[in-house]
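Next up, data-v8.txt (compact mmCIF, C-alpha atoms):
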```txt
# COMPACT_ATOMS: atom_id res chain seq x y z
CA MET A 1 -21.79 12.44 9.62
CA ARG A 2 -20.25 9.46 11.41
CA ILE A 3 -17.59 7.69 9.35
CA ILE A 4 -15.61 4.54 10.13
CA THR A 5 -12.19 4.12 8.52
CA VAL A 6 -10.86 0.55 8.38
CA ASP A 7 -7.16 0.09 7.65
CA ASP A 8 -4.39 -1.95 9.28
CA SER A 9 -1.96 0.91 8.69
CA SER A 10 -2.07 3.55 11.43
CA THR A 11 -0.44 5.92 8.94
CA MET A 12 -3.28 5.50 6.44
CA ARG A 13 -5.93 5.87 9.15
CA ARG A 14 -4.22 9.10 10.23
CA ILE A 15 -3.95 10.40 6.65
CA ILE A 16 -7.61 9.55 5.91
CA LYS A 17 -8.72 11.12 9.19
CA ASN A 18 -6.77 14.33 8.53
CA THR A 19 -8.06 14.45 4.96
CA LEU A 20 -11.68 13.98 6.10
CA LYS A 21 -11.25 16.91 8.52
CA ARG A 22 -9.77 19.06 5.73
CA ILE A 23 -12.69 18.39 3.38
CA GLY A 24 -15.37 18.97 5.99
CA TYR A 25 -16.27 15.44 7.02
CA GLY A 26 -14.42 15.33 10.34
CA ASP A 27 -17.42 15.45 12.71
CA GLU A 28 -17.04 11.92 14.06
CA ILE A 29 -14.49 9.44 12.77
CA LEU A 30 -14.22 5.92 14.15
CA GLU A 31 -11.24 3.64 13.45
CA ALA A 32 -10.73 -0.10 13.08
CA GLU A 33 -7.58 -2.07 12.21
CA ASN A 34 -9.35 -4.80 10.21
CA GLY A 35 -12.74 -6.05 9.06
CA LYS A 36 -13.41 -8.09 12.20
CA GLU A 37 -12.84 -5.12 14.49
CA ALA A 38 -15.02 -2.94 12.23
CA LEU A 39 -17.91 -5.46 12.32
CA GLU A 40 -17.79 -5.42 16.12
CA ILE A 41 -18.09 -1.62 16.10
CA LEU A 42 -20.93 -1.71 13.53
CA GLU A 43 -22.91 -4.12 15.73
CA ASN A 44 -23.16 -1.44 18.40
CA THR A 45 -22.81 1.87 16.56
CA ASP A 46 -24.70 3.41 13.63
CA VAL A 47 -22.40 4.82 10.96
CA ASP A 48 -23.21 6.81 7.80
CA LEU A 49 -20.21 5.78 5.71
CA ILE A 50 -17.55 3.05 5.67
CA ILE A 51 -14.09 3.71 4.20
CA THR A 52 -12.10 0.48 4.03
CA ASP A 53 -8.78 -0.87 2.83
CA TRP A 54 -8.61 -4.21 0.95
CA ASN A 55 -5.41 -5.95 2.11
CA MET A 56 -5.59 -6.37 5.88
CA PRO A 57 -4.67 -9.18 8.26
CA VAL A 58 -7.33 -10.95 10.41
CA MET A 59 -10.20 -10.04 8.06
CA ASP A 60 -9.52 -8.46 4.66
CA GLY A 61 -11.63 -5.72 3.14
CA LEU A 62 -13.39 -7.88 0.57
CA THR A 63 -14.60 -10.36 3.22
CA PHE A 64 -15.62 -7.42 5.41
CA VAL A 65 -17.67 -5.82 2.61
CA LYS A 66 -19.50 -9.10 1.92
CA LYS A 67 -20.31 -9.48 5.63
CA VAL A 68 -21.62 -5.91 5.82
CA ARG A 69 -23.87 -6.49 2.82
CA ALA A 70 -25.15 -9.74 4.34
CA ASN A 71 -26.14 -8.16 7.67
CA LYS A 72 -29.63 -6.58 7.72
CA LYS A 73 -28.58 -4.27 10.57
CA PHE A 74 -26.21 -2.25 8.38
CA ASP A 75 -26.39 -3.63 4.83
CA ASP A 76 -27.37 -0.23 3.37
CA VAL A 77 -24.35 1.74 4.62
CA PRO A 78 -22.36 3.16 1.67
CA ILE A 79 -18.84 1.74 1.33
CA ILE A 80 -15.80 3.32 -0.31
CA MET A 81 -12.78 1.08 -0.77
CA VAL A 82 -9.39 2.85 -0.57
CA THR A 83 -6.67 0.48 -1.71
CA THR A 84 -3.52 -0.07 -3.74
CA GLU A 85 -5.36 -2.79 -5.73
CA ALA A 86 -5.77 -0.86 -8.97
CA ALA A 87 -6.16 -3.58 -11.61
CA LYS A 88 -9.45 -3.52 -13.55
CA GLU A 89 -10.39 -7.02 -12.39
CA ASP A 90 -9.82 -6.01 -8.75
CA ILE A 91 -12.17 -3.05 -9.09
CA ILE A 92 -14.84 -5.29 -10.67
CA THR A 93 -14.41 -7.83 -7.84
CA ALA A 94 -14.85 -5.11 -5.21
CA LEU A 95 -17.91 -3.62 -6.90
CA LYS A 96 -19.49 -7.08 -7.18
CA ALA A 97 -18.86 -7.64 -3.46
CA GLY A 98 -20.91 -4.53 -2.67
CA VAL A 99 -18.53 -1.57 -2.69
CA ASN A 100 -20.23 1.68 -3.83
CA ASN A 101 -17.08 3.46 -4.92
CA TYR A 102 -13.35 2.83 -5.23
CA ILE A 103 -10.23 4.95 -4.66
CA VAL A 104 -6.70 3.91 -5.58
CA LYS A 105 -3.93 4.96 -3.17
CA PRO A 106 -2.38 7.46 -3.20
CA PHE A 107 -5.31 9.85 -3.53
CA THR A 108 -5.92 13.60 -3.32
CA PRO A 109 -8.35 15.26 -0.86
CA GLN A 110 -10.45 16.32 -3.87
CA VAL A 111 -10.86 12.72 -5.05
CA LEU A 112 -11.98 11.59 -1.59
CA LYS A 113 -14.45 14.50 -1.40
CA GLU A 114 -15.93 13.69 -4.81
CA LYS A 115 -16.31 9.98 -4.01
CA ILE A 116 -17.99 10.73 -0.66
CA GLU A 117 -20.42 13.13 -2.33
CA ALA A 118 -21.16 10.53 -5.01
CA VAL A 119 -21.96 7.68 -2.61
CA MET A 120 -23.92 9.83 -0.19
CA GLY A 121 -25.93 11.09 -3.15
CA LEU A 122 -26.68 7.50 -4.11
CA LYS A 123 -27.86 6.84 -0.59
CA ASP A 124 -30.36 9.72 -0.69
CA MET B 1 23.74 -20.17 -10.76
CA ALA B 2 20.63 -18.03 -10.43
CA ALA B 3 18.49 -17.29 -13.46
CA LYS B 4 18.64 -13.79 -14.91
CA LEU B 5 15.92 -11.26 -14.24
CA SER B 6 15.04 -9.35 -17.41
CA VAL B 7 14.33 -5.62 -17.45
CA GLU B 8 10.61 -6.11 -18.11
CA TRP B 9 10.34 -7.58 -14.60
CA ILE B 10 12.35 -4.73 -13.07
CA ASN B 11 11.13 -1.59 -14.84
CA PRO B 12 7.57 -1.55 -13.38
CA PHE B 13 9.05 -1.47 -9.86
CA ILE B 14 11.40 1.39 -10.78
CA GLU B 15 8.56 3.33 -12.42
CA ALA B 16 6.27 2.71 -9.42
CA THR B 17 8.95 3.78 -6.91
CA GLU B 18 9.64 7.04 -8.74
CA GLU B 19 5.94 7.82 -9.18
CA ILE B 20 4.75 7.00 -5.66
CA LEU B 21 7.60 8.70 -3.80
CA ASN B 22 7.23 11.75 -6.00
CA THR B 23 3.46 11.89 -5.38
CA VAL B 24 3.26 11.19 -1.65
CA ALA B 25 6.70 12.21 -0.32
CA MET B 26 7.39 15.07 -2.76
CA ILE B 27 10.88 13.86 -3.66
CA GLU B 28 12.44 13.27 -7.07
CA PRO B 29 14.36 9.97 -6.94
CA LYS B 30 17.10 9.49 -9.52
CA ARG B 31 17.89 5.89 -10.40
CA GLY B 32 21.45 4.62 -10.09
CA LYS B 33 23.09 1.64 -11.74
CA LEU B 34 21.37 -1.73 -11.26
CA ALA B 35 23.43 -4.32 -9.43
CA LEU B 36 23.11 -8.02 -8.82
CA LYS B 37 22.64 -8.60 -5.11
CA LYS B 38 25.92 -10.46 -4.75
CA ASP B 39 27.75 -7.39 -6.05
CA SER B 40 25.88 -4.95 -3.83
CA THR B 41 27.35 -3.61 -0.61
CA VAL B 42 24.36 -1.41 0.29
CA GLU B 43 23.22 -1.74 3.90
CA TYR B 44 20.12 -0.24 5.42
CA ASP B 45 18.44 0.71 8.70
CA VAL B 46 14.76 0.15 7.84
CA SER B 47 13.11 -1.90 5.07
CA GLY B 48 9.53 -2.51 3.98
CA ILE B 49 9.08 -5.93 2.38
CA ILE B 50 6.14 -7.30 0.36
CA GLY B 51 5.73 -10.82 -0.93
CA ILE B 52 4.65 -11.41 -4.53
CA THR B 53 2.81 -14.43 -5.96
CA GLY B 54 1.00 -15.21 -9.19
CA GLU B 55 2.79 -15.26 -12.55
CA ALA B 56 6.03 -14.47 -10.66
CA VAL B 57 7.04 -15.36 -7.12
CA GLY B 58 9.34 -13.36 -4.86
CA SER B 59 9.44 -10.05 -3.05
CA ILE B 60 10.15 -6.36 -3.27
CA ALA B 61 11.93 -4.46 -0.52
CA LEU B 62 12.14 -0.69 -0.09
CA SER B 63 15.14 0.13 2.09
CA PHE B 64 16.38 3.34 3.68
CA PRO B 65 19.19 4.57 5.89
CA LYS B 66 17.61 6.05 9.04
CA LYS B 67 18.21 9.70 8.04
CA THR B 68 16.49 9.29 4.68
CA ALA B 69 13.61 7.27 6.14
CA LEU B 70 12.82 10.02 8.66
CA LYS B 71 12.71 12.68 5.96
CA VAL B 72 10.60 10.57 3.57
CA VAL B 73 8.10 9.63 6.31
CA SER B 74 7.89 13.25 7.52
CA ASN B 75 7.01 14.35 3.98
CA PHE B 76 4.55 11.45 3.53
CA THR B 77 2.60 11.95 6.76
CA GLY B 78 2.92 15.73 6.97
CA GLU B 79 4.22 15.38 10.54
CA GLU B 80 7.93 15.57 11.41
CA VAL B 81 9.26 12.31 12.82
CA PHE B 82 12.47 12.00 14.84
CA GLY B 83 13.03 8.28 15.26
CA ILE B 84 12.23 4.84 13.85
CA ASP B 85 9.27 3.86 16.03
CA ALA B 86 6.13 1.82 15.33
CA ASP B 87 4.45 4.69 13.45
CA THR B 88 7.50 5.30 11.26
CA ALA B 89 7.71 1.57 10.50
CA ASP B 90 4.01 1.53 9.63
CA ALA B 91 4.51 4.43 7.21
CA ILE B 92 7.44 2.66 5.50
CA GLY B 93 5.22 -0.43 5.18
CA GLU B 94 2.45 1.63 3.62
CA LEU B 95 4.86 3.26 1.15
CA THR B 96 6.08 -0.20 0.14
CA ASN B 97 2.46 -1.31 -0.22
CA MET B 98 1.70 1.63 -2.53
CA ILE B 99 4.78 0.94 -4.68
CA ALA B 100 3.97 -2.79 -4.96
CA GLY B 101 0.33 -1.97 -5.74
CA ARG B 102 1.32 0.50 -8.46
CA ALA B 103 3.77 -2.02 -9.97
CA LYS B 104 1.03 -4.68 -9.87
CA LYS B 105 -1.21 -2.35 -11.91
CA ILE B 106 1.56 -1.77 -14.48
CA PHE B 107 2.03 -5.56 -14.81
CA SER B 108 -1.75 -6.04 -15.02
CA ASP B 109 -1.92 -3.60 -17.94
CA LYS B 110 0.65 -5.82 -19.70
CA GLY B 111 -1.49 -8.92 -19.03
CA ILE B 112 0.65 -10.23 -16.15
CA LYS B 113 -1.32 -11.06 -13.01
CA LEU B 114 0.38 -10.77 -9.62
CA LYS B 115 -0.83 -10.83 -6.03
CA ILE B 116 0.82 -8.89 -3.23
CA SER B 117 0.98 -9.61 0.50
CA VAL B 118 0.54 -7.20 3.39
CA PRO B 119 3.86 -5.46 4.18
CA ASN B 120 6.41 -6.44 6.81
CA VAL B 121 8.98 -3.99 8.10
CA VAL B 122 12.50 -4.83 9.26
CA ILE B 123 14.36 -2.42 11.54
CA GLY B 124 18.03 -2.87 12.36
CA LYS B 125 21.20 -0.91 11.83
CA ASN B 126 23.04 -1.92 8.64
CA HIS B 127 20.83 -4.95 8.00
CA THR B 128 20.79 -6.75 4.68
CA ILE B 129 17.93 -8.74 3.14
CA ALA B 130 18.65 -12.28 2.04
CA SER B 131 16.83 -13.93 -0.86
CA PRO B 132 16.23 -17.66 -1.33
CA LYS B 133 19.06 -19.43 -3.14
CA GLY B 134 18.48 -19.42 -6.89
CA THR B 135 16.16 -16.41 -6.84
CA PRO B 136 17.58 -13.67 -9.02
CA THR B 137 17.84 -10.46 -7.01
CA ILE B 138 18.51 -7.00 -8.34
CA VAL B 139 19.29 -3.96 -6.21
CA ILE B 140 18.29 -0.61 -7.68
CA PRO B 141 19.91 2.31 -5.82
CA PHE B 142 18.32 5.76 -5.94
CA THR B 143 19.61 9.18 -5.00
CA SER B 144 17.29 11.98 -3.94
CA GLU B 145 17.32 15.39 -2.33
CA VAL B 146 16.61 13.74 1.06
CA GLY B 147 19.29 11.05 0.74
CA ASP B 148 20.02 7.71 -0.87
CA PHE B 149 17.81 4.62 -0.70
CA ALA B 150 17.23 1.44 -2.70
CA ILE B 151 14.72 -1.13 -3.81
CA GLN B 152 15.54 -4.80 -4.03
CA VAL B 153 13.54 -6.99 -6.41
CA SER B 154 13.73 -10.79 -6.02
CA LEU B 155 11.54 -12.59 -8.52
CA VAL B 156 11.20 -15.90 -10.34
CA PRO B 157 8.66 -16.19 -13.17
CA ASN B 158 6.11 -18.83 -12.13
CA LYS B 159 5.55 -21.22 -15.03
CA SER B 160 2.68 -23.03 -13.28
CA GLU B 161 0.60 -19.85 -13.65
CA ASP B 162 1.11 -19.63 -17.45
```

Show me this structure written as structure tokens.
Amino acid sequence: MRIITVDDSSTMRRIIKNTLKRIGYGDEILEAENGKEALEILENTDVDLIITDWNMPVMDGLTFVKKVRANKKFDDVPIIMVTTEAAKEDIITALKAGVNNYIVKPFTPQVLKEKIEAVMGLKD
Amino acid sequence: MAAKLSVEWINPFIEATEEILNTVAMIEPKRGKLALKKDSTVEYDVSGIIGITGEAVGSIALSFPKKTALKVVSNFTGEEVFGIDADTADAIGELTNMIAGRAKKIFSDKGIKLKISVPNVVIGKNHTIASPKGTPTIVIPFTSEVGDFAIQVSLVPNKSED
């Protein structure tokens, strides 16, 4: 499975990458620092899953999710948002924008595994 | 004279700091005595700072002496770090982000809506963080098994958001 992780924090990208490897999803992991950079990668590369942060400079996660859902080339790719935005209204906003599942930082490897299985199941 | 900052504006940040650092850095912070900024003599080597807007306006800073920062970041990332470089600064920023995000959730559960900015990190031996004049600022020192650190909360309730 090819996964792209979008986060302005190199620490979080590293933690997510290491966690994905630990839970058996480390085959191919791409990285982007913000939504704009991720869109550029998606234009040229097929991915099976997007894991994105919300608060990022240049292009935030919410704008990125809306742009993904509006682009016929990759509008069906499952998206998991991993963020510190934990308020109920934030989660509703993200789901309305097109996020398939939502994880609040900090998270355990087990939570990430369960969310990935859930969204990939939805895709099938 | 600056307005006072009541405990209901401070406690969510203390709770969030204890919870997040315990969860991701495996340390047990113990809170010290709160101090008004003007009475505080604490100086730091690295600080993560996040701006706050919404029903209160200001910032939260998470500040460490170098030795403590290195231990906390090593625990957080699972990789031993030996100096304050770009990666260490990024990790301190992310820890601050998690603490501010957790505090935001605690406020949200009480019906108080806040927005948080992306983190900035300041590196410099013995630096202090200044707050705008008239903004009440409280320093909360913590002790832990990996050393002392502090959070600094500067907030003014924003009446225009009521």

- Pick from B:Asn11, B:Ser47, B:Thr128, B:Asn22, whichever lies nearest to chain A using all atoms listed in the file: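 Nearest candidate to chain A out of B:Asn11, B:Ser47, B:Thr128, B:Asn22: B:Asn22.
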
- Message: Taking (2.8, -2.6, -5.3) in the coordinates of the supplied file, I want to know which residues reach to within 12 Å of it, counting all atoms listed in the file; could you give the answer as a PyMOL selection string?
- Response: (chain A and resi 55+83-87+104-106) or (chain B and resi 12-17+19-20+48-53+59-62+93-108+114-119+153)

- Here CA of Ile51 (chain A) and CA of Asp90 (chain A) stand apart by 16.7 Å

- In Å to one decimal, how far is CA of Thr137 (chain B) from CA of Ala56 (chain B)? 13.0 Å

- Query: Using all atoms listed in the file, which of B:Val156, B:Ile151, B:Ala35, B:Val122 sits nearest Pro136 (chain B)?
  - Reply: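 Closest to Pro136 (chain B) of all the choices is B:Val156.
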
- Query: Of the candidates A:Glu114, A:Asp60, A:Glu43, A:Asp53, which one gets nearest to Phe74 (chain A) if we count all atoms listed in the file?
  - Reply: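 Of A:Glu114, A:Asp60, A:Glu43, A:Asp53, the one nearest Phe74 (chain A) is A:Glu43, counting all atoms listed in the file.
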
- Task: Could you please determine the separation between CA of Asn158 (chain B) and CA of Leu34 (chain B) in Å, to one decimal place?
- Result: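 Those two atoms sit 22.9 Å apart.
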
- Message: Applying 8 Å and all atoms listed in the file, which residues near Ile79 (chain A) remain after dropping the ones on its own chain fewer than 4 positions away? List them as a VMD selection string.
- Response: chain A and resid 49 to 52 65 98 to 101 119

- Task: Name the closest residue to chain A among the candidates B:Gln152, B:Ser144, B:Asn126, B:Asn75; distances are taken between atoms, counting only C-alpha atoms.
- Result: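 Looking only at the distances to chain A, the closest residue turns out to be B:Asn75.
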
Can you list, as a PDB file with C-alpha atoms, in the coordinates of the input, every protein, DNA or RNA residue that comes within 8 Å of region 7-11 of chain A when you count only C-alpha atoms, leaving out same-chain residues fewer than 6 positions away?
```
ATOM      1  CA  GLU A  31     -11.240   3.640  13.450  1.00  0.00           C
ATOM      2  CA  ALA A  32     -10.730  -0.100  13.080  1.00  0.00           C
ATOM      3  CA  GLU A  33      -7.580  -2.070  12.210  1.00  0.00           C
ATOM      4  CA  ASN A  34      -9.350  -4.800  10.210  1.00  0.00           C
ATOM      5  CA  THR A  52     -12.100   0.480   4.030  1.00  0.00           C
ATOM      6  CA  ASP A  53      -8.780  -0.870   2.830  1.00  0.00           C
ATOM      7  CA  MET A  56      -5.590  -6.370   5.880  1.00  0.00           C
ATOM      8  CA  PRO A  57      -4.670  -9.180   8.260  1.00  0.00           C
TER       9      PRO A  57
ATOM     10  CA  THR B  77       2.600  11.950   6.760  1.00  0.00           C
ATOM     11  CA  ASP B  87       4.450   4.690  13.450  1.00  0.00           C
ATOM     12  CA  ASP B  90       4.010   1.530   9.630  1.00  0.00           C
ATOM     13  CA  ALA B  91       4.510   4.430   7.210  1.00  0.00           C
ATOM     14  CA  GLU B  94       2.450   1.630   3.620  1.00  0.00           C
TER      15      GLU B  94
END
```

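Distance annotation: of A:Val111, A:Ile4, A:Leu30, A:Val58, the residue with the minimal separation from chain B is A:Val58; atom set is all atoms listed in the file.
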
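With all atoms listed in the file as the basis for measurement, A:Thr19 is the residue among A:Ile29, A:Thr19, A:Arg2, A:Phe64 that approaches chain B most closely.
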
Which centre and edge lengths in Å to one decimal define the box along x, y and z that fits every listed atom of region 11-17 of chain A plus 8 Å per side, as AutoDock Vina command-line options?
```
--center_x -4.6 --center_y 8.3 --center_z 8.1 --size_x 24.3 --size_y 21.6 --size_z 20.3
```

Once N, CA and C atoms are restored for region 97-112 of chain A, what would the output be as an mmCIF file, keeping the file's coordinate frame?
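The new file result12.cif reads:
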```
data_model
loop_
_atom_site.group_PDB
_atom_site.id
_atom_site.type_symbol
_atom_site.label_atom_id
_atom_site.label_comp_id
_atom_site.auth_asym_id
_atom_site.auth_seq_id
_atom_site.Cartn_x
_atom_site.Cartn_y
_atom_site.Cartn_z
ATOM 1 N N ALA A 97 -18.726 -7.282 -4.879
ATOM 2 C CA ALA A 97 -18.860 -7.640 -3.460
ATOM 3 C C ALA A 97 -19.777 -6.663 -2.716
ATOM 4 N N GLY A 98 -19.991 -5.468 -3.317
ATOM 5 C CA GLY A 98 -20.910 -4.530 -2.670
ATOM 6 C C GLY A 98 -20.329 -3.159 -2.365
ATOM 7 N N VAL A 99 -19.131 -2.890 -2.892
ATOM 8 C CA VAL A 99 -18.530 -1.570 -2.690
ATOM 9 C C VAL A 99 -19.256 -0.549 -3.574
ATOM 10 N N ASN A 100 -19.540 0.648 -3.042
ATOM 11 C CA ASN A 100 -20.230 1.680 -3.830
ATOM 12 C C ASN A 100 -19.269 2.499 -4.687
ATOM 13 N N ASN A 101 -18.055 2.695 -4.164
ATOM 14 C CA ASN A 101 -17.080 3.460 -4.920
ATOM 15 C C ASN A 101 -15.670 3.027 -4.531
ATOM 16 N N TYR A 102 -14.678 3.421 -5.320
ATOM 17 C CA TYR A 102 -13.350 2.830 -5.230
ATOM 18 C C TYR A 102 -12.297 3.913 -5.426
ATOM 19 N N ILE A 103 -11.323 3.968 -4.535
ATOM 20 C CA ILE A 103 -10.230 4.950 -4.660
ATOM 21 C C ILE A 103 -8.895 4.211 -4.616
ATOM 22 N N VAL A 104 -8.028 4.533 -5.558
ATOM 23 C CA VAL A 104 -6.700 3.910 -5.580
ATOM 24 C C VAL A 104 -5.721 4.813 -4.832
ATOM 25 N N LYS A 105 -4.976 4.215 -3.881
ATOM 26 C CA LYS A 105 -3.930 4.960 -3.170
ATOM 27 C C LYS A 105 -2.750 5.183 -4.104
ATOM 28 N N PRO A 106 -2.059 6.296 -4.017
ATOM 29 C CA PRO A 106 -2.380 7.460 -3.200
ATOM 30 C C PRO A 106 -3.493 8.279 -3.836
ATOM 31 N N PHE A 107 -4.186 9.074 -3.024
ATOM 32 C CA PHE A 107 -5.310 9.850 -3.530
ATOM 33 C C PHE A 107 -5.201 11.296 -3.060
ATOM 34 N N THR A 108 -5.921 12.188 -3.734
ATOM 35 C CA THR A 108 -5.920 13.600 -3.320
ATOM 36 C C THR A 108 -7.163 13.858 -2.466
ATOM 37 N N PRO A 109 -7.152 14.906 -1.629
ATOM 38 C CA PRO A 109 -8.350 15.260 -0.860
ATOM 39 C C PRO A 109 -9.570 15.464 -1.765
ATOM 40 N N GLN A 110 -9.347 16.061 -2.934
ATOM 41 C CA GLN A 110 -10.450 16.320 -3.870
ATOM 42 C C GLN A 110 -11.112 15.026 -4.329
ATOM 43 N N VAL A 111 -10.298 14.015 -4.611
ATOM 44 C CA VAL A 111 -10.860 12.720 -5.050
ATOM 45 C C VAL A 111 -11.715 12.115 -3.939
ATOM 46 N N LEU A 112 -11.212 12.154 -2.701
ATOM 47 C CA LEU A 112 -11.980 11.590 -1.590
ATOM 48 C C LEU A 112 -13.304 12.343 -1.419
#
```
